[in-house]
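Chemist: File work08.cif follows (mmCIF, C-alpha atoms and all ligand atoms):
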data_input
loop_
_atom_site.label_atom_id
_atom_site.label_comp_id
_atom_site.auth_asym_id
_atom_site.auth_seq_id
_atom_site.Cartn_x
_atom_site.Cartn_y
_atom_site.Cartn_z
CA MET A 27 -11.84 3.00 1.95
CA ALA A 28 -8.63 1.26 3.00
CA THR A 29 -8.26 -2.36 1.89
CA GLN A 30 -6.09 -4.74 3.89
CA TRP A 31 -3.75 -6.21 1.27
CA THR A 32 -0.53 -8.00 2.14
CA ARG A 33 2.65 -6.16 1.17
CA ARG A 34 3.36 -8.74 -1.59
CA GLN A 35 -0.11 -8.16 -3.07
CA VAL A 36 0.47 -4.42 -2.98
CA LEU A 37 3.83 -4.76 -4.72
CA ALA A 38 2.28 -7.03 -7.34
CA GLN A 39 -0.43 -4.43 -8.03
CA MET A 40 2.31 -1.87 -8.47
CA GLY A 41 4.01 -4.14 -11.01
CA ILE A 42 7.09 -4.55 -8.84
CA ALA A 43 8.52 -7.99 -8.03
CA ALA A 44 9.72 -8.12 -4.44
CA ALA A 45 12.95 -9.77 -5.61
CA ALA A 46 13.67 -6.79 -7.88
CA VAL A 47 13.97 -4.37 -4.99
CA HIS A 48 17.64 -3.79 -4.33
CA THR A 49 19.00 -4.09 -0.81
CA LEU A 50 19.58 -1.18 1.45
CA ASP A 51 22.70 0.91 1.35
CA PRO A 52 23.53 1.94 4.95
CA HIS A 53 24.05 5.46 3.58
CA GLU A 54 20.33 5.64 2.85
CA LEU A 55 19.35 5.18 6.48
CA CYS A 56 17.84 8.31 7.90
CA CYS A 57 17.47 7.58 11.56
CA THR A 58 19.90 5.26 13.21
CA VAL A 59 20.58 5.14 16.90
CA ALA A 60 23.94 3.93 18.31
CA ALA A 61 23.67 0.16 18.75
CA HIS A 62 24.29 0.37 22.51
CA ALA A 63 22.03 3.41 23.13
CA GLN A 64 19.36 3.13 25.81
CA THR A 65 16.02 2.82 24.03
CA ALA A 66 13.54 1.35 26.48
CA ASP A 67 13.47 3.77 29.38
CA LYS A 68 10.02 5.33 28.88
CA ASP A 69 6.57 4.66 27.48
CA LEU A 70 6.47 4.67 23.70
CA PHE A 71 4.58 8.00 23.53
CA GLU A 72 3.77 10.92 25.74
CA LEU A 73 0.45 12.61 24.91
CA LYS A 74 0.75 16.38 25.37
CA LYS A 75 -2.33 18.59 25.27
CA LEU A 76 -1.84 21.65 23.04
CA GLY A 77 -5.38 23.00 23.09
CA ASP A 78 -8.97 21.86 23.43
CA GLY A 79 -9.04 18.41 21.81
CA VAL A 80 -5.62 18.81 20.17
CA TYR A 81 -2.66 16.72 21.28
CA ALA A 82 0.91 15.90 20.31
CA ALA A 83 2.00 12.29 20.78
CA ILE A 84 5.72 12.71 21.38
CA ALA A 85 7.75 9.59 20.60
CA ALA A 86 10.35 8.23 23.04
CA THR A 87 13.67 6.93 21.68
CA ARG A 88 13.51 3.44 20.29
CA TYR A 89 16.01 1.32 18.35
CA LYS A 90 13.82 1.80 15.27
CA VAL A 91 12.76 5.41 15.40
CA ASN A 92 9.12 6.49 15.65
CA CYS A 93 7.89 9.88 14.52
CA ASN A 94 5.58 12.08 16.59
CA ALA A 95 1.86 12.24 15.81
CA ALA A 96 -0.66 15.05 16.04
CA VAL A 97 -4.03 13.89 17.38
CA ILE A 98 -7.09 16.03 16.61
CA MET A 99 -10.52 15.34 18.10
CA THR A 100 -13.67 16.28 16.18
CA ASP A 101 -17.36 15.70 16.91
CA ASP A 102 -17.37 12.83 14.38
CA GLY A 103 -14.15 11.10 15.35
CA VAL A 104 -10.39 11.42 15.58
CA ILE A 105 -7.87 12.61 13.01
CA VAL A 106 -4.28 11.39 13.37
CA VAL A 107 -1.27 12.91 11.60
CA ASP A 108 1.48 10.34 10.93
CA THR A 109 1.67 6.75 12.13
CA HIS A 110 5.29 5.89 12.97
CA SER A 111 7.48 3.03 11.77
CA LYS A 112 5.31 0.07 12.70
CA PRO A 113 1.74 -1.00 13.53
CA SER A 114 2.61 -1.77 17.18
CA ALA A 115 3.57 1.90 17.63
CA SER A 116 0.34 3.24 16.12
CA ARG A 117 -1.60 0.75 18.26
CA ALA A 118 0.12 2.23 21.32
CA VAL A 119 -1.02 5.74 20.33
CA TYR A 120 -4.53 4.44 19.59
CA GLN A 121 -4.71 2.96 23.09
CA GLN A 122 -3.86 6.36 24.56
CA ILE A 123 -6.46 8.04 22.34
CA GLN A 124 -9.06 5.61 23.65
CA GLY A 125 -8.29 6.86 27.13
CA ILE A 126 -9.70 10.21 25.96
CA THR A 127 -12.48 9.25 23.53
CA GLN A 128 -14.21 6.11 22.30
CA LYS A 129 -14.88 7.72 18.90
CA PRO A 130 -13.21 6.02 15.90
CA VAL A 131 -10.23 7.33 13.99
CA ILE A 132 -11.88 8.66 10.82
CA LYS A 133 -8.87 10.09 9.00
CA VAL A 134 -5.13 9.50 8.94
CA ILE A 135 -2.93 12.11 7.29
CA ASN A 136 0.67 11.26 6.32
CA THR A 137 2.97 14.29 6.09
CA HIS A 138 5.37 12.49 3.69
CA PHE A 139 6.33 9.04 2.43
CA HIS A 140 9.24 8.22 4.76
CA TRP A 141 9.05 4.80 6.45
CA ASP A 142 8.89 6.17 9.99
CA HIS A 143 5.76 8.26 9.22
CA TRP A 144 3.31 5.86 7.61
CA GLN A 145 4.16 2.20 8.26
CA GLY A 146 1.65 2.16 11.14
CA ASN A 147 -1.31 3.23 8.94
CA GLU A 148 -2.69 -0.31 8.82
CA SER A 149 -3.64 -0.53 12.49
CA TYR A 150 -6.01 2.44 12.14
CA ALA A 151 -7.37 1.10 8.83
CA ALA A 152 -8.08 -2.24 10.53
CA GLN A 153 -10.20 -0.62 13.27
CA ASN A 154 -12.24 1.47 10.79
CA PRO A 155 -12.52 0.17 7.21
CA LYS A 156 -14.19 3.45 6.15
CA MET A 157 -11.24 5.49 7.32
CA GLU A 158 -9.60 7.87 4.85
CA ILE A 159 -5.83 8.13 4.40
CA ILE A 160 -4.88 11.57 3.06
CA THR A 161 -1.52 12.62 1.60
CA SER A 162 -0.24 15.02 -1.03
CA GLU A 163 -0.35 13.73 -4.62
CA LYS A 164 3.44 13.44 -4.68
CA THR A 165 3.51 11.42 -1.47
CA LYS A 166 0.99 8.99 -2.93
CA GLU A 167 3.23 8.58 -6.00
CA ASN A 168 6.33 8.14 -3.84
CA MET A 169 4.68 5.35 -1.85
CA SER A 170 4.85 3.06 -4.89
CA LYS A 171 8.17 4.13 -6.43
CA PRO A 172 11.14 1.77 -5.90
CA ASP A 173 13.60 4.69 -5.98
CA ALA A 174 11.74 7.51 -4.19
CA GLY A 175 14.00 7.35 -1.13
CA VAL A 176 13.66 6.08 2.42
CA GLY A 177 10.01 5.07 2.33
CA GLY A 178 7.15 3.57 0.38
CA VAL A 179 6.03 -0.02 -0.18
CA PRO A 180 9.20 -1.16 -2.03
CA TYR A 181 11.25 0.21 0.87
CA ILE A 182 9.57 -2.31 3.20
CA GLU A 183 11.30 -5.04 1.15
CA LYS A 184 14.61 -3.23 1.54
CA GLN A 185 14.20 -3.14 5.30
CA ILE A 186 13.33 -6.84 5.37
CA ALA A 187 16.47 -7.60 3.34
CA ASN A 188 18.58 -5.41 5.62
CA MET A 189 17.38 -6.51 9.06
CA PRO A 190 19.08 -9.96 9.32
CA GLY A 191 22.49 -8.30 8.87
CA GLU A 192 21.61 -5.71 11.49
CA ILE A 193 20.47 -8.45 13.87
CA ASP A 194 23.72 -10.43 13.35
CA LYS A 195 25.73 -7.28 14.08
CA LEU A 196 23.82 -6.68 17.32
CA LYS A 197 24.43 -10.31 18.38
CA ALA A 198 28.15 -9.93 17.69
CA ASP A 199 28.23 -6.64 19.61
CA ILE A 200 26.54 -8.29 22.61
CA LEU A 201 29.23 -11.00 22.72
CA LYS A 202 32.00 -8.39 22.61
CA GLU A 203 30.49 -5.92 25.10
CA THR A 204 31.98 -5.94 28.60
CA ASP A 205 30.07 -2.98 30.09
CA ALA A 206 26.95 -4.36 31.81
CA ALA A 207 24.70 -1.35 31.11
CA LYS A 208 25.66 -1.21 27.42
CA LYS A 209 25.15 -4.98 27.14
CA LYS A 210 21.65 -4.64 28.60
CA ASN A 211 20.82 -1.90 26.06
CA LEU A 212 22.21 -4.02 23.22
CA GLU A 213 20.03 -6.93 24.33
CA SER A 214 16.96 -4.70 24.40
CA ASN A 215 17.84 -3.37 20.94
CA LEU A 216 18.29 -6.90 19.60
CA GLN A 217 14.86 -7.83 20.90
CA GLN A 218 13.37 -4.67 19.32
CA ALA A 219 15.12 -5.43 16.00
CA GLU A 220 13.78 -8.99 15.94
CA THR A 221 10.23 -7.82 16.70
CA PHE A 222 10.52 -5.10 14.04
CA LEU A 223 11.53 -7.67 11.41
CA GLN A 224 8.49 -9.80 12.28
CA GLU A 225 6.23 -6.74 11.97
CA LEU A 226 7.75 -5.82 8.61
CA LYS A 227 7.13 -9.32 7.25
CA GLN A 228 3.47 -9.20 8.29
CA MET A 229 2.83 -5.65 7.10
CA LYS A 230 -0.38 -4.92 5.15
CA PRO A 231 0.49 -1.46 3.77
CA ALA A 232 -2.48 0.91 4.02
CA LEU A 233 -2.05 3.44 1.22
CA PRO A 234 -3.55 6.90 0.56
CA THR A 235 -7.23 6.95 -0.40
CA ARG A 236 -7.45 10.72 -0.99
CA THR A 237 -4.89 13.29 -2.13
CA VAL A 238 -4.24 17.01 -1.90
CA ALA A 239 -2.77 18.94 -4.86
CA THR A 240 -2.08 22.24 -3.08
CA THR A 241 -4.64 23.05 -0.38
CA LEU A 242 -7.58 21.30 1.21
CA THR A 243 -9.76 22.58 4.04
CA LEU A 244 -11.48 19.91 6.09
CA LYS A 245 -14.57 21.31 7.77
CA GLU A 246 -14.92 18.62 10.37
CA ALA A 247 -17.79 18.96 12.78
CA GLY A 248 -16.60 21.49 15.31
CA ARG A 249 -13.21 22.11 13.76
CA GLU A 250 -11.41 23.53 10.72
CA ILE A 251 -8.28 21.73 9.55
CA GLN A 252 -6.25 23.08 6.64
CA LEU A 253 -3.84 20.92 4.65
CA HIS A 254 -1.16 22.81 2.72
CA ALA A 255 1.38 21.55 0.19
CA LEU A 256 3.61 24.64 0.16
CA GLY A 257 6.46 23.46 -2.07
CA ARG A 258 9.40 21.07 -2.02
CA GLY A 259 11.54 20.76 1.07
CA HIS A 260 12.28 17.63 3.12
CA THR A 261 10.69 15.72 0.21
CA ASN A 262 8.83 16.73 -2.95
CA GLY A 263 5.47 16.11 -1.26
CA ASP A 264 5.55 17.56 2.26
CA LEU A 265 2.12 18.34 3.66
CA TYR A 266 1.52 20.79 6.53
CA ILE A 267 -1.51 20.36 8.77
CA TYR A 268 -2.74 23.66 10.16
CA LEU A 269 -5.41 24.42 12.76
CA PRO A 270 -6.15 28.17 12.37
CA LYS A 271 -8.30 28.50 15.50
CA GLU A 272 -5.93 26.62 17.80
CA LYS A 273 -2.85 28.10 16.04
CA VAL A 274 -1.11 24.71 15.81
CA VAL A 275 0.81 23.31 12.83
CA ALA A 276 2.08 19.74 12.31
CA THR A 277 5.06 19.74 9.99
CA GLY A 278 6.40 16.20 9.62
CA ASP A 279 10.16 16.25 9.02
CA ALA A 280 10.09 19.55 7.11
CA LEU A 281 10.58 21.22 10.49
CA ILE A 282 11.97 19.12 13.33
CA ASP A 283 13.67 19.46 16.70
CA TRP A 284 16.64 17.42 15.34
CA MET A 285 19.10 18.11 12.54
CA PRO A 286 17.33 17.90 9.17
CA PHE A 287 17.65 14.83 6.96
CA LEU A 288 18.46 16.07 3.44
CA ASN A 289 18.93 12.90 1.39
CA ASP A 290 15.50 13.08 -0.26
CA GLY A 291 15.28 16.87 0.06
CA TYR A 292 15.58 20.10 -1.93
CA PRO A 293 17.77 22.36 0.25
CA GLU A 294 17.26 25.73 -1.48
CA GLU A 295 13.54 25.28 -2.08
CA TRP A 296 13.16 24.05 1.51
CA VAL A 297 14.23 27.50 2.77
CA GLN A 298 11.54 29.13 0.58
CA THR A 299 8.87 26.65 1.65
CA LEU A 300 9.55 27.35 5.32
CA THR A 301 9.18 31.06 4.60
CA ALA A 302 5.76 30.32 3.08
CA LEU A 303 4.87 28.28 6.18
CA GLU A 304 5.95 31.15 8.43
CA LYS A 305 3.17 33.32 6.93
CA LEU A 306 0.54 31.13 8.61
CA ASP A 307 -0.60 32.35 12.01
CA PHE A 308 0.48 29.67 14.51
CA THR A 309 2.13 29.55 17.92
CA GLN A 310 2.91 25.83 18.39
CA ILE A 311 4.65 23.33 16.13
CA VAL A 312 4.23 19.55 16.33
CA PRO A 313 7.51 18.57 14.63
CA GLY A 314 8.12 15.16 13.04
CA HIS A 315 10.75 14.44 15.70
CA GLY A 316 11.77 16.00 19.01
CA ASP A 317 9.55 18.11 21.24
CA VAL A 318 6.72 20.61 20.67
CA GLN A 319 8.28 23.91 19.58
CA PRO A 320 7.27 27.58 19.57
CA LYS A 321 6.98 29.37 16.22
CA GLY A 322 10.44 30.91 16.70
CA HIS A 323 12.03 27.52 16.09
CA LEU A 324 11.19 27.89 12.39
CA ALA A 325 13.67 30.77 11.95
CA PHE A 326 16.41 28.84 13.79
CA PHE A 327 15.91 25.69 11.67
CA ARG A 328 15.67 27.64 8.42
CA GLY A 329 18.74 29.65 9.45
CA TYR A 330 20.72 26.42 9.72
CA LEU A 331 19.67 25.35 6.22
CA SER A 332 20.49 28.70 4.62
CA ASP A 333 23.80 29.12 6.49
CA LEU A 334 24.75 25.57 5.50
CA ILE A 335 23.95 26.23 1.83
CA ASP A 336 25.96 29.50 1.85
CA ALA A 337 28.92 27.84 3.57
CA VAL A 338 29.02 24.91 1.12
CA LYS A 339 28.72 27.22 -1.92
CA LYS A 340 31.56 29.43 -0.66
CA ALA A 341 33.85 26.57 0.33
CA SER A 342 33.41 24.73 -2.96
CA ALA A 343 33.94 27.93 -4.96
CA GLY A 344 37.20 28.26 -3.01
CA GLY A 345 38.26 24.78 -4.15
CA ALA A 346 37.75 22.85 -0.90
CA THR A 347 37.35 19.06 -1.12
CA LEU A 348 34.25 17.42 0.32
CA ALA A 349 36.22 16.04 3.29
CA GLU A 350 37.65 19.50 4.02
CA MET A 351 34.21 21.07 3.82
CA GLN A 352 32.72 18.47 6.14
CA THR A 353 35.25 19.26 8.87
CA LYS A 354 35.49 22.99 8.34
CA ILE A 355 31.77 23.75 7.98
CA GLY A 356 30.89 21.45 10.88
CA ASP A 357 33.14 23.55 13.13
CA GLN A 358 32.18 26.87 11.53
CA LEU A 359 28.42 26.53 12.14
CA ALA A 360 28.74 24.82 15.54
CA PRO A 361 28.65 27.93 17.78
CA LYS A 362 25.28 28.95 16.36
CA TYR A 363 23.64 25.55 15.90
CA GLU A 364 25.31 22.69 17.79
CA ALA A 365 23.53 23.11 21.14
CA GLY A 366 20.08 23.77 19.68
CA MET A 367 20.41 20.85 17.26
CA SER A 368 21.67 18.31 19.83
CA LYS A 369 18.89 18.19 22.42
CA HIS A 370 17.93 14.56 21.89
CA THR A 371 19.60 11.15 21.59
CA LEU A 372 18.94 11.06 17.88
CA GLY A 373 19.54 13.48 15.02
CA ARG A 374 22.29 15.45 16.79
CA TYR A 375 24.46 18.09 15.16
CA ARG A 376 27.70 16.11 14.94
CA ASP A 377 25.89 12.93 13.82
CA ARG A 378 24.45 14.63 10.75
CA VAL A 379 26.40 17.73 9.78
CA GLY A 380 28.88 15.79 7.61
CA GLN A 381 26.11 14.10 5.67
CA ASN A 382 24.22 17.40 5.40
CA VAL A 383 27.30 19.05 3.86
CA GLU A 384 27.64 16.16 1.41
CA MET A 385 23.97 16.40 0.38
CA VAL A 386 24.05 20.18 -0.12
CA HIS A 387 27.25 19.80 -2.16
CA LYS A 388 25.59 17.13 -4.29
CA LYS A 389 22.20 18.82 -4.73
CA VAL A 390 23.06 22.54 -4.78
CA VAL A 391 26.62 22.72 -6.15
CA LEU A 392 26.84 19.64 -8.41
CA LYS A 393 23.07 19.64 -9.03
CA ALA A 394 23.23 15.85 -9.22
ZN ZN B 1 11.00 11.08 10.31
ZN ZN B 2 11.32 12.17 6.77
#
Output the file's structure as structure tokens, nothing else.
Modeler:
Amino acid sequence: MATQWTRRQVLAQMGIAAAAVHTLDPHELCCTVAAHAQTADKDLFELKKLGDGVYAAIAATRYKVNCNAAVIMTDDGVIVVDTHSKPSASRAVYQQIQGITQKPVIKVINTHFHWDHWQGNESYAAQNPKMEIITSEKTKENMSKPDAGVGGVPYIEKQIANMPGEIDKLKADILKETDAAKKKNLESNLQQAETFLQELKQMKPALPTRTVATTLTLKEAGREIQLHALGRGHTNGDLYIYLPKEKVVATGDALIDWMPFLNDGYPEEWVQTLTALEKLDFTQIVPGHGDVQPKGHLAFFRGYLSDLIDAVKKASAGGATLAEMQTKIGDQLAPKYEAGMSKHTLGRYRDRVGQNVEMVHKKVVLKA
């Protein structure tokens, strides 16, 4: 059962003083959109039907990124995979779900601990106090660690500490901007940033109530749902949600329609984990970000990771500096990957390849 504690109460239970949480290094940010980018052109989510009673809620671009959700109907109620960066976003998905069924949300599953995948848990917990929140064991641990990476309860404090600076920067940018369209976008982004800060301050983090060590099969009335922890990849606790009958898998950020984010990841093991995932019989992927993908996208995404690792290993063995590698490898892999990894406003090839090179160098070559 999910209890509605305030974030300060949760931190206190974890033995962490809010003041002890260090502020956010901009380098840690996983998903930033250009300050002047258009972020309010569409509804927050588009619900796409993938099969009988199975949907993908595909997130539109917002100043503070939202992940996609998978929505699975059962005879007893609804199961939702991932809950975005804020309760207002999960409430928006819930409203759309209610257009299909009046049954309650009985289970939330978080694919990993990153902020943009679980900070909306509380809105589902509030509508059904008996609801379960399921994650891998590692993800549950990460939720309370101050240094796990870009997510968890202590990370909420970091965001709260960081937002006033971001808001001041947006205000300054608005004053400087002469292009009317960009100014309008900046004003929308400022409004979104201010609302986000208010939501963060009021957050009542709803944490996992049940964990998965390696595999768990949920035999929900009328449906089989398998949860698989297949190894380390995007994080040390990625969970894959697999519907064998409908041949759908929800992958969180371990397999996305953007460039991967490697800062909390394990590049070489990630390649192996995706190969384990490939053995499951599925045809559609609900990725953590971007659009629904066919199974073939797995080989493309994994190919990028393994080509990147090979390129960084070779270049550093040849004595290249990090800056040289970032330029050279970015250009070298572009013909194969730039177009396919730049379909959306966020997470595009050129935005991330330099940081990806740096992370592979750090984690694979230096083993730091
Ligand atoms: Zn994400
Ligand atoms: Zn993530």
Chemist: Please measure the separation of atom CA of Val179 of chain A and atom CA of Val36 of chain A, giving the value in Å to one decimal.
Modeler: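 Going from atom CA of Val179 of chain A over to atom CA of Val36 of chain A, I get 7.6 Å.
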Chemist: Distance atom CA of Ser111 of chain A-atom CA of Lys202 of chain A, one decimal place?
Modeler: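 Rounded to one decimal, the two atoms are 29.1 Å apart.
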Chemist: Could you give me, as a JSON list (two decimals) with C-alpha atoms, in the coordinates of the input, the residues within 10 Å of Gln298 of chain A, counting only C-alpha atoms and dropping anything in the same chain fewer than 5 positions from it?
Modeler:
[["chain", "number", "residue", "atom", "x", "y", "z"],
["A", 256, "LEU", "CA", 3.61, 24.64, 0.16],
["A", 257, "GLY", "CA", 6.46, 23.46, -2.07],
["A", 258, "ARG", "CA", 9.40, 21.07, -2.02],
["A", 259, "GLY", "CA", 11.54, 20.76, 1.07],
["A", 293, "PRO", "CA", 17.77, 22.36, 0.25],
["A", 303, "LEU", "CA", 4.87, 28.28, 6.18],
["A", 304, "GLU", "CA", 5.95, 31.15, 8.43],
["A", 328, "ARG", "CA", 15.67, 27.64, 8.42],
["A", 332, "SER", "CA", 20.49, 28.70, 4.62]]
Chemist: If the limit is 9 Å from any atom of ligand ZN 2 (chain B), counting only C-alpha atoms and all ligand atoms, which residues qualify? Return them as a PyMOL selection string.
Modeler: chain A and resi 56+93+137-143+176-177+260-261+278-280+286-288+290+314
Chemist: Could you tell me which of A:Gly366, A:Gly291, A:Gly316, A:Gly356 comes closest to Lys388 of chain A if we count all atoms listed in the file?
Modeler: A:Gly291
Chemist: Quick one: of A:Pro234, A:Gly191, A:Pro155, A:Pro313, who's nearest to ligand ZN 1 (chain B), counting only C-alpha atoms and all ligand atoms?
Modeler: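 Checking each candidate against ligand ZN 1 (chain B), we get A:Pro313 as the closest.
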Chemist: Which neighbours of segment 126-131 of chain A fall inside 6 Å, counting all atoms listed in the file, when residues of the same chain fewer than 6 positions from it are skipped, and could you give them as a VMD selection string?
Modeler: chain A and resid 103 to 105
Chemist: Considering all atoms listed in the file, can you say which of A:Thr32, A:Gln39, A:Ser170, A:Asn136 comes closest to ligand ZN 1 (chain B)?
Modeler: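 Comparing A:Thr32, A:Gln39, A:Ser170, A:Asn136 against ligand ZN 1 (chain B), the winner is A:Asn136.
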Chemist: By how many Å are atom CA of Glu167 of chain A and atom CA of Asp264 of chain A apart?
Modeler: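 One can read the atom CA of Glu167 of chain A to atom CA of Asp264 of chain A distance as 12.4 Å.
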Chemist: Pick from A:Ala152, A:Ala174, A:Ala276, A:Ala341: nearest to Asn262 of chain A, with only C-alpha atoms counted?
Modeler: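 Nearest to Asn262 of chain A: A:Ala174.
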Chemist: Since fewer atoms than expected are present, regenerate N, CA, C and O atoms for segment 236-247 of chain A and write them as a compact mmCIF listing (two decimals), keeping the file's coordinate frame.
Modeler:
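Below is the file part-v8.txt, written as the result:
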# COMPACT_ATOMS: atom_id res chain seq x y z
N ARG A 236 -7.03 9.37 -0.58
CA ARG A 236 -7.45 10.72 -0.99
C ARG A 236 -6.19 11.59 -1.02
O ARG A 236 -5.33 11.45 -0.16
N THR A 237 -6.11 12.48 -2.03
CA THR A 237 -4.89 13.29 -2.13
C THR A 237 -5.20 14.78 -2.19
O THR A 237 -6.30 15.19 -2.53
N VAL A 238 -4.17 15.55 -1.89
CA VAL A 238 -4.24 17.01 -1.90
C VAL A 238 -3.25 17.52 -2.94
O VAL A 238 -2.07 17.13 -2.89
N ALA A 239 -3.70 18.36 -3.87
CA ALA A 239 -2.77 18.94 -4.86
C ALA A 239 -2.01 20.11 -4.22
O ALA A 239 -0.79 20.11 -4.15
N THR A 240 -2.74 21.11 -3.74
CA THR A 240 -2.08 22.24 -3.08
C THR A 240 -2.69 22.53 -1.70
O THR A 240 -1.99 22.55 -0.71
N THR A 241 -3.99 22.73 -1.66
CA THR A 241 -4.64 23.05 -0.38
C THR A 241 -5.97 22.32 -0.27
O THR A 241 -6.68 22.15 -1.26
N LEU A 242 -6.28 21.91 0.94
CA LEU A 242 -7.58 21.30 1.21
C LEU A 242 -8.01 21.74 2.60
O LEU A 242 -7.23 21.67 3.55
N THR A 243 -9.25 22.23 2.72
CA THR A 243 -9.76 22.58 4.04
C THR A 243 -10.79 21.55 4.45
O THR A 243 -11.77 21.33 3.75
N LEU A 244 -10.53 20.88 5.56
CA LEU A 244 -11.48 19.91 6.09
C LEU A 244 -12.35 20.64 7.11
O LEU A 244 -11.84 21.17 8.09
N LYS A 245 -13.65 20.70 6.81
CA LYS A 245 -14.57 21.31 7.77
C LYS A 245 -15.17 20.17 8.58
O LYS A 245 -16.26 19.70 8.26
N GLU A 246 -14.42 19.70 9.53
CA GLU A 246 -14.92 18.62 10.37
C GLU A 246 -15.87 19.24 11.38
O GLU A 246 -15.71 20.40 11.76
N ALA A 247 -16.84 18.43 11.80
CA ALA A 247 -17.79 18.96 12.78
C ALA A 247 -17.01 19.55 13.95
O ALA A 247 -16.23 18.87 14.59
